[in-house]
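Undergrad: Here you go, one structure.
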Amino acid sequence: MTETGSGYSAYQIALHWITAALVLFQLLFGESMTTVVDAADEGQPVSALDQTLGSAHYWIGLAILALVVVRLIMRLVSGAPKPVEGGPSWMQIAARLSHGLFYLLLLATPILGLLAFYVGDPWSDIHSLNKPLFIVLISVHALAALFHQFWIRDGTLKRMLAPDR
Ligand code: HEM
Ligand code: HEM
């Protein structure tokens, strides 16, 4: 992986926050999709709200998949910035590991969602299991970003807010 400059570009920052907002939506309203699927299995009607949120879940999930593919291709082509200087090596390893896990989850979850939608069990259970995995990873990631910015004061959060190139 090529490493570039000291910060993220405007497109990397935009993709980061758009993806974060869409994933948050999926985690908050994903249960409507479960309601829609369960109701279809049992031949029961669903509310218009669950129907709408269920459709949104499908299309937003596919949008996340498309965005992460674009993001990974651009990352391979134009590289990622070097880690912020000065931290111990375990911290840099932890950052790389958690970012790698994010990309894995961002790719696997929509694909498992497609399998859950078109095939059903056991993919539905595996897809739903990604919810707690995402919640744990996002919490650790956000706390780490805040810790870097406000405790270590190394500008980590700022570089995901203000473009460098
Ligand atoms: C990153 C993208 C996605 C995230 C974070 C996500 C998250 C979730 C969550 C939190 C639930 C509710 C689980 C529960 O009831 O406890 C769910 C259910 C579901 N999602 Fe997704 N989802 C994503 C993408 C997709 C996509 C692209 C599809 C299909 C095209 C999909 C299809 C489904 C289905 C069918 C269910 C119901 C599973 C069941 O019957 O238990 N998801 N998803
Ligand atoms: C669903 C939510 C989120 C996802 C999926 C996500 C994903 C990612 C990924 C994959 C990277 C690595 C970018 C790269 O180098 O290619 C990253 C970096 C970063 N994220 Fe997030 N993120 C989320 C939420 C947040 C939140 C809530 C914050 C702030 C509180 C945050 C702050 C940052 C910062 C500061 C970086 C840059 C780290 C560095 O410079 O090494 N992220 N995020």
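Identifiers in this document derive from the order of the structure tokens: chains are assigned A, B, ..., residues are numbered from 1 separately in each chain, and ligands are numbered from 1 in order of occurrence.
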For region 63-65 of chain A, work out the shell of residues within 10 Å, counting only C-alpha atoms and skipping chain neighbours fewer than 3 positions away, then give it as a PDB file with N, CA, C and O atoms, in the first residue's frame.
TA:
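Full text of result.pdb as output:
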ATOM      1  N   LEU A  15     -16.033  10.446   1.769  1.00  0.00           N
ATOM      2  CA  LEU A  15     -16.445   9.037   1.765  1.00  0.00           C
ATOM      3  C   LEU A  15     -16.507   8.480   3.185  1.00  0.00           C
ATOM      4  O   LEU A  15     -17.399   7.704   3.524  1.00  0.00           O
ATOM      5  N   ILE A  18     -19.756  10.037   4.910  1.00  0.00           N
ATOM      6  CA  ILE A  18     -21.004   9.553   4.288  1.00  0.00           C
ATOM      7  C   ILE A  18     -21.215   8.079   4.680  1.00  0.00           C
ATOM      8  O   ILE A  18     -22.308   7.676   5.099  1.00  0.00           O
ATOM      9  N   THR A  19     -20.146   7.287   4.573  1.00  0.00           N
ATOM     10  CA  THR A  19     -20.265   5.862   4.933  1.00  0.00           C
ATOM     11  C   THR A  19     -20.652   5.716   6.404  1.00  0.00           C
ATOM     12  O   THR A  19     -21.525   4.908   6.746  1.00  0.00           O
ATOM     13  N   ALA A  20     -20.003   6.507   7.271  1.00  0.00           N
ATOM     14  CA  ALA A  20     -20.313   6.407   8.709  1.00  0.00           C
ATOM     15  C   ALA A  20     -21.796   6.701   8.955  1.00  0.00           C
ATOM     16  O   ALA A  20     -22.467   5.983   9.706  1.00  0.00           O
ATOM     17  N   LEU A  22     -24.321   6.406   6.820  1.00  0.00           N
ATOM     18  CA  LEU A  22     -25.173   5.346   6.256  1.00  0.00           C
ATOM     19  C   LEU A  22     -25.136   4.087   7.130  1.00  0.00           C
ATOM     20  O   LEU A  22     -26.168   3.440   7.347  1.00  0.00           O
ATOM     21  N   VAL A  23     -23.944   3.746   7.652  1.00  0.00           N
ATOM     22  CA  VAL A  23     -23.841   2.562   8.522  1.00  0.00           C
ATOM     23  C   VAL A  23     -24.665   2.785   9.796  1.00  0.00           C
ATOM     24  O   VAL A  23     -25.387   1.896  10.257  1.00  0.00           O
ATOM     25  N   GLN A  26     -28.198   2.104   9.070  1.00  0.00           N
ATOM     26  CA  GLN A  26     -28.455   0.656   8.968  1.00  0.00           C
ATOM     27  C   GLN A  26     -28.559   0.016  10.353  1.00  0.00           C
ATOM     28  O   GLN A  26     -29.422  -0.831  10.587  1.00  0.00           O
ATOM     29  N   HIS A  57     -33.267  -0.041   3.793  1.00  0.00           N
ATOM     30  CA  HIS A  57     -32.184  -0.894   4.279  1.00  0.00           C
ATOM     31  C   HIS A  57     -31.488  -1.598   3.099  1.00  0.00           C
ATOM     32  O   HIS A  57     -30.265  -1.667   3.047  1.00  0.00           O
ATOM     33  N   TYR A  58     -32.303  -2.093   2.184  1.00  0.00           N
ATOM     34  CA  TYR A  58     -31.767  -2.806   1.012  1.00  0.00           C
ATOM     35  C   TYR A  58     -30.868  -1.878   0.189  1.00  0.00           C
ATOM     36  O   TYR A  58     -29.705  -2.185  -0.084  1.00  0.00           O
ATOM     37  N   TRP A  59     -31.404  -0.714  -0.188  1.00  0.00           N
ATOM     38  CA  TRP A  59     -30.668   0.167  -1.108  1.00  0.00           C
ATOM     39  C   TRP A  59     -29.500   0.880  -0.446  1.00  0.00           C
ATOM     40  O   TRP A  59     -28.443   1.070  -1.062  1.00  0.00           O
ATOM     41  N   ILE A  60     -29.676   1.271   0.811  1.00  0.00           N
ATOM     42  CA  ILE A  60     -28.561   1.931   1.515  1.00  0.00           C
ATOM     43  C   ILE A  60     -27.440   0.919   1.744  1.00  0.00           C
ATOM     44  O   ILE A  60     -26.253   1.235   1.611  1.00  0.00           O
ATOM     45  N   VAL A  68     -17.689   1.493  -0.528  1.00  0.00           N
ATOM     46  CA  VAL A  68     -16.461   0.930   0.039  1.00  0.00           C
ATOM     47  C   VAL A  68     -15.583   0.354  -1.080  1.00  0.00           C
ATOM     48  O   VAL A  68     -14.350   0.445  -1.005  1.00  0.00           O
ATOM     49  N   VAL A  69     -16.205  -0.159  -2.146  1.00  0.00           N
ATOM     50  CA  VAL A  69     -15.405  -0.642  -3.282  1.00  0.00           C
ATOM     51  C   VAL A  69     -14.663   0.538  -3.926  1.00  0.00           C
ATOM     52  O   VAL A  69     -13.450   0.477  -4.153  1.00  0.00           O
ATOM     53  N   VAL A  70     -15.383   1.659  -4.132  1.00  0.00           N
ATOM     54  CA  VAL A  70     -14.743   2.868  -4.690  1.00  0.00           C
ATOM     55  C   VAL A  70     -13.588   3.304  -3.776  1.00  0.00           C
ATOM     56  O   VAL A  70     -12.475   3.598  -4.224  1.00  0.00           O
ATOM     57  N   ARG A  71     -13.886   3.299  -2.457  1.00  0.00           N
ATOM     58  CA  ARG A  71     -12.895   3.768  -1.495  1.00  0.00           C
ATOM     59  C   ARG A  71     -11.640   2.896  -1.502  1.00  0.00           C
ATOM     60  O   ARG A  71     -10.517   3.414  -1.457  1.00  0.00           O
ATOM     61  N   LEU A 106     -17.271  -3.804   6.234  1.00  0.00           N
ATOM     62  CA  LEU A 106     -18.032  -2.994   5.260  1.00  0.00           C
ATOM     63  C   LEU A 106     -18.264  -3.764   3.959  1.00  0.00           C
ATOM     64  O   LEU A 106     -19.246  -3.517   3.260  1.00  0.00           O
ATOM     65  N   LEU A 107     -17.354  -4.693   3.630  1.00  0.00           N
ATOM     66  CA  LEU A 107     -17.549  -5.525   2.435  1.00  0.00           C
ATOM     67  C   LEU A 107     -18.456  -6.712   2.747  1.00  0.00           C
ATOM     68  O   LEU A 107     -19.384  -7.023   1.994  1.00  0.00           O
ATOM     69  N   ALA A 108     -18.160  -7.383   3.888  1.00  0.00           N
ATOM     70  CA  ALA A 108     -18.861  -8.645   4.180  1.00  0.00           C
ATOM     71  C   ALA A 108     -20.331  -8.426   4.549  1.00  0.00           C
ATOM     72  O   ALA A 108     -21.190  -9.203   4.121  1.00  0.00           O
ATOM     73  N   THR A 109     -20.631  -7.363   5.307  1.00  0.00           N
ATOM     74  CA  THR A 109     -22.002  -7.208   5.812  1.00  0.00           C
ATOM     75  C   THR A 109     -23.043  -7.059   4.687  1.00  0.00           C
ATOM     76  O   THR A 109     -24.059  -7.752   4.717  1.00  0.00           O
ATOM     77  N   PRO A 110     -22.820  -6.193   3.683  1.00  0.00           N
ATOM     78  CA  PRO A 110     -23.823  -6.118   2.608  1.00  0.00           C
ATOM     79  C   PRO A 110     -23.925  -7.421   1.803  1.00  0.00           C
ATOM     80  O   PRO A 110     -25.022  -7.798   1.390  1.00  0.00           O
ATOM     81  N   ILE A 111     -22.781  -8.110   1.609  1.00  0.00           N
ATOM     82  CA  ILE A 111     -22.832  -9.375   0.850  1.00  0.00           C
ATOM     83  C   ILE A 111     -23.642 -10.406   1.651  1.00  0.00           C
ATOM     84  O   ILE A 111     -24.515 -11.102   1.109  1.00  0.00           O
TER      85      ILE A 111
END
Undergrad: So which residues of region 22-143 of chain A fall under alpha helix (DSSP H) by DSSP, listed as a PyMOL selection string?
TA: chain A and resi 22-29+31-42+48-78+89-118+123-143
Undergrad: So which residues are near ligand 2, meaning at most 7 Å away with only C-alpha atoms and all ligand atoms counted, given back as an mmCIF file with N, CA and C atoms, in the first residue's frame?
TA:
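Final file, out-v7.cif:
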data_model
loop_
_atom_site.group_PDB
_atom_site.id
_atom_site.type_symbol
_atom_site.label_atom_id
_atom_site.label_comp_id
_atom_site.auth_asym_id
_atom_site.auth_seq_id
_atom_site.Cartn_x
_atom_site.Cartn_y
_atom_site.Cartn_z
ATOM 1 N N HIS A 16 -15.543 8.881 4.043
ATOM 2 C CA HIS A 16 -15.539 8.392 5.428
ATOM 3 C C HIS A 16 -16.830 8.766 6.145
ATOM 4 N N THR A 19 -20.146 7.287 4.573
ATOM 5 C CA THR A 19 -20.265 5.862 4.933
ATOM 6 C C THR A 19 -20.652 5.716 6.404
ATOM 7 N N ALA A 20 -20.003 6.507 7.271
ATOM 8 C CA ALA A 20 -20.313 6.407 8.709
ATOM 9 C C ALA A 20 -21.796 6.701 8.955
ATOM 10 N N ALA A 21 -22.336 7.747 8.287
ATOM 11 C CA ALA A 21 -23.747 8.107 8.494
ATOM 12 C C ALA A 21 -24.663 6.988 7.988
ATOM 13 N N VAL A 23 -23.944 3.746 7.652
ATOM 14 C CA VAL A 23 -23.841 2.562 8.522
ATOM 15 C C VAL A 23 -24.665 2.785 9.796
ATOM 16 N N LEU A 24 -24.596 3.997 10.324
ATOM 17 C CA LEU A 24 -25.374 4.317 11.535
ATOM 18 C C LEU A 24 -26.872 4.116 11.269
ATOM 19 N N ARG A 75 -7.958 3.928 -2.589
ATOM 20 C CA ARG A 75 -6.899 3.776 -1.596
ATOM 21 C C ARG A 75 -5.722 3.028 -2.211
ATOM 22 N N ALA A 80 -2.840 5.870 1.226
ATOM 23 C CA ALA A 80 -3.398 6.414 2.465
ATOM 24 C C ALA A 80 -2.299 7.214 3.151
ATOM 25 N N PRO A 81 -2.673 8.196 3.960
ATOM 26 C CA PRO A 81 -1.620 8.966 4.638
ATOM 27 C C PRO A 81 -0.870 8.119 5.657
ATOM 28 N N PRO A 83 0.636 7.069 9.258
ATOM 29 C CA PRO A 83 0.044 7.266 10.578
ATOM 30 C C PRO A 83 0.618 8.537 11.208
ATOM 31 N N VAL A 84 -0.165 9.149 12.111
ATOM 32 C CA VAL A 84 0.331 10.346 12.805
ATOM 33 C C VAL A 84 1.622 9.983 13.524
ATOM 34 N N ALA A 95 -4.303 0.630 15.108
ATOM 35 C CA ALA A 95 -5.044 1.459 14.154
ATOM 36 C C ALA A 95 -5.181 0.725 12.815
ATOM 37 N N HIS A 99 -8.723 -0.521 11.237
ATOM 38 C CA HIS A 99 -9.153 -0.015 9.927
ATOM 39 C C HIS A 99 -9.362 -1.183 8.952
ATOM 40 N N GLY A 100 -8.459 -2.187 9.030
ATOM 41 C CA GLY A 100 -8.607 -3.376 8.184
ATOM 42 C C GLY A 100 -9.909 -4.103 8.500
ATOM 43 N N PHE A 102 -12.605 -2.796 9.735
ATOM 44 C CA PHE A 102 -13.713 -1.992 9.210
ATOM 45 C C PHE A 102 -13.960 -2.331 7.735
ATOM 46 N N TYR A 103 -12.863 -2.337 6.941
ATOM 47 C CA TYR A 103 -13.041 -2.616 5.514
ATOM 48 C C TYR A 103 -13.632 -4.008 5.305
ATOM 49 N N LEU A 106 -17.271 -3.804 6.234
ATOM 50 C CA LEU A 106 -18.032 -2.994 5.260
ATOM 51 C C LEU A 106 -18.264 -3.764 3.959
ATOM 52 N N ILE A 138 -17.040 0.426 16.171
ATOM 53 C CA ILE A 138 -17.276 1.872 16.051
ATOM 54 C C ILE A 138 -16.994 2.557 17.393
ATOM 55 N N HIS A 141 -13.268 2.687 17.951
ATOM 56 C CA HIS A 141 -12.695 3.590 16.941
ATOM 57 C C HIS A 141 -12.967 5.058 17.289
ATOM 58 N N ALA A 142 -14.215 5.369 17.658
ATOM 59 C CA ALA A 142 -14.567 6.756 17.971
ATOM 60 C C ALA A 142 -13.866 7.202 19.255
ATOM 61 N N LEU A 143 -13.819 6.294 20.268
ATOM 62 C CA LEU A 143 -13.126 6.652 21.513
ATOM 63 C C LEU A 143 -11.638 6.872 21.239
ATOM 64 N N ALA A 145 -10.303 7.883 18.430
ATOM 65 C CA ALA A 145 -10.148 9.156 17.708
ATOM 66 C C ALA A 145 -10.209 10.330 18.693
ATOM 67 N N LEU A 146 -11.159 10.266 19.638
ATOM 68 C CA LEU A 146 -11.298 11.362 20.610
ATOM 69 C C LEU A 146 -10.087 11.399 21.552
ATOM 70 N N THR A 156 -5.275 13.794 15.197
ATOM 71 C CA THR A 156 -5.830 12.674 14.418
ATOM 72 C C THR A 156 -7.242 12.974 13.920
ATOM 73 N N LEU A 157 -8.103 13.486 14.793
ATOM 74 C CA LEU A 157 -9.493 13.740 14.381
ATOM 75 C C LEU A 157 -9.539 14.878 13.357
ATOM 76 N N LYS A 158 -8.689 15.873 13.578
ATOM 77 C CA LYS A 158 -8.658 17.023 12.675
ATOM 78 C C LYS A 158 -8.325 16.577 11.257
ATOM 79 N N ARG A 159 -7.463 15.550 11.145
ATOM 80 C CA ARG A 159 -7.105 15.164 9.772
ATOM 81 C C ARG A 159 -8.248 14.449 9.045
ATOM 82 N N MET A 160 -9.254 13.977 9.820
ATOM 83 C CA MET A 160 -10.427 13.395 9.163
ATOM 84 C C MET A 160 -11.523 14.463 8.996
#
Undergrad: Any idea what's packed within 9 Å of Glu31 (chain A), counting only C-alpha atoms, ignoring anything in its chain fewer than 6 positions away? Could you give it as a PyMOL selection string?
TA: chain A and resi 50+53-54
Undergrad: For ligand 1, which of A:Gly113, A:Gly43, A:Gly7, A:Gly86 is the closest residue, counting only C-alpha atoms and all ligand atoms?
TA: A:Gly113
Undergrad: Measuring between only C-alpha atoms and all ligand atoms, which one of A:Ser89, A:Ser6, A:Ser55, A:Ser78 shows the shortest distance to ligand 1?
TA: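 Nearest to ligand 1: A:Ser55.
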Undergrad: Select, from A:Leu137, A:Leu161, A:Ala40, A:Leu101, the residue with the minimum atom-to-atom distance to Ser9 (chain A), counting only C-alpha atoms.
TA: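 Residue with the minimum atom-to-atom distance to Ser9 (chain A): A:Leu161.
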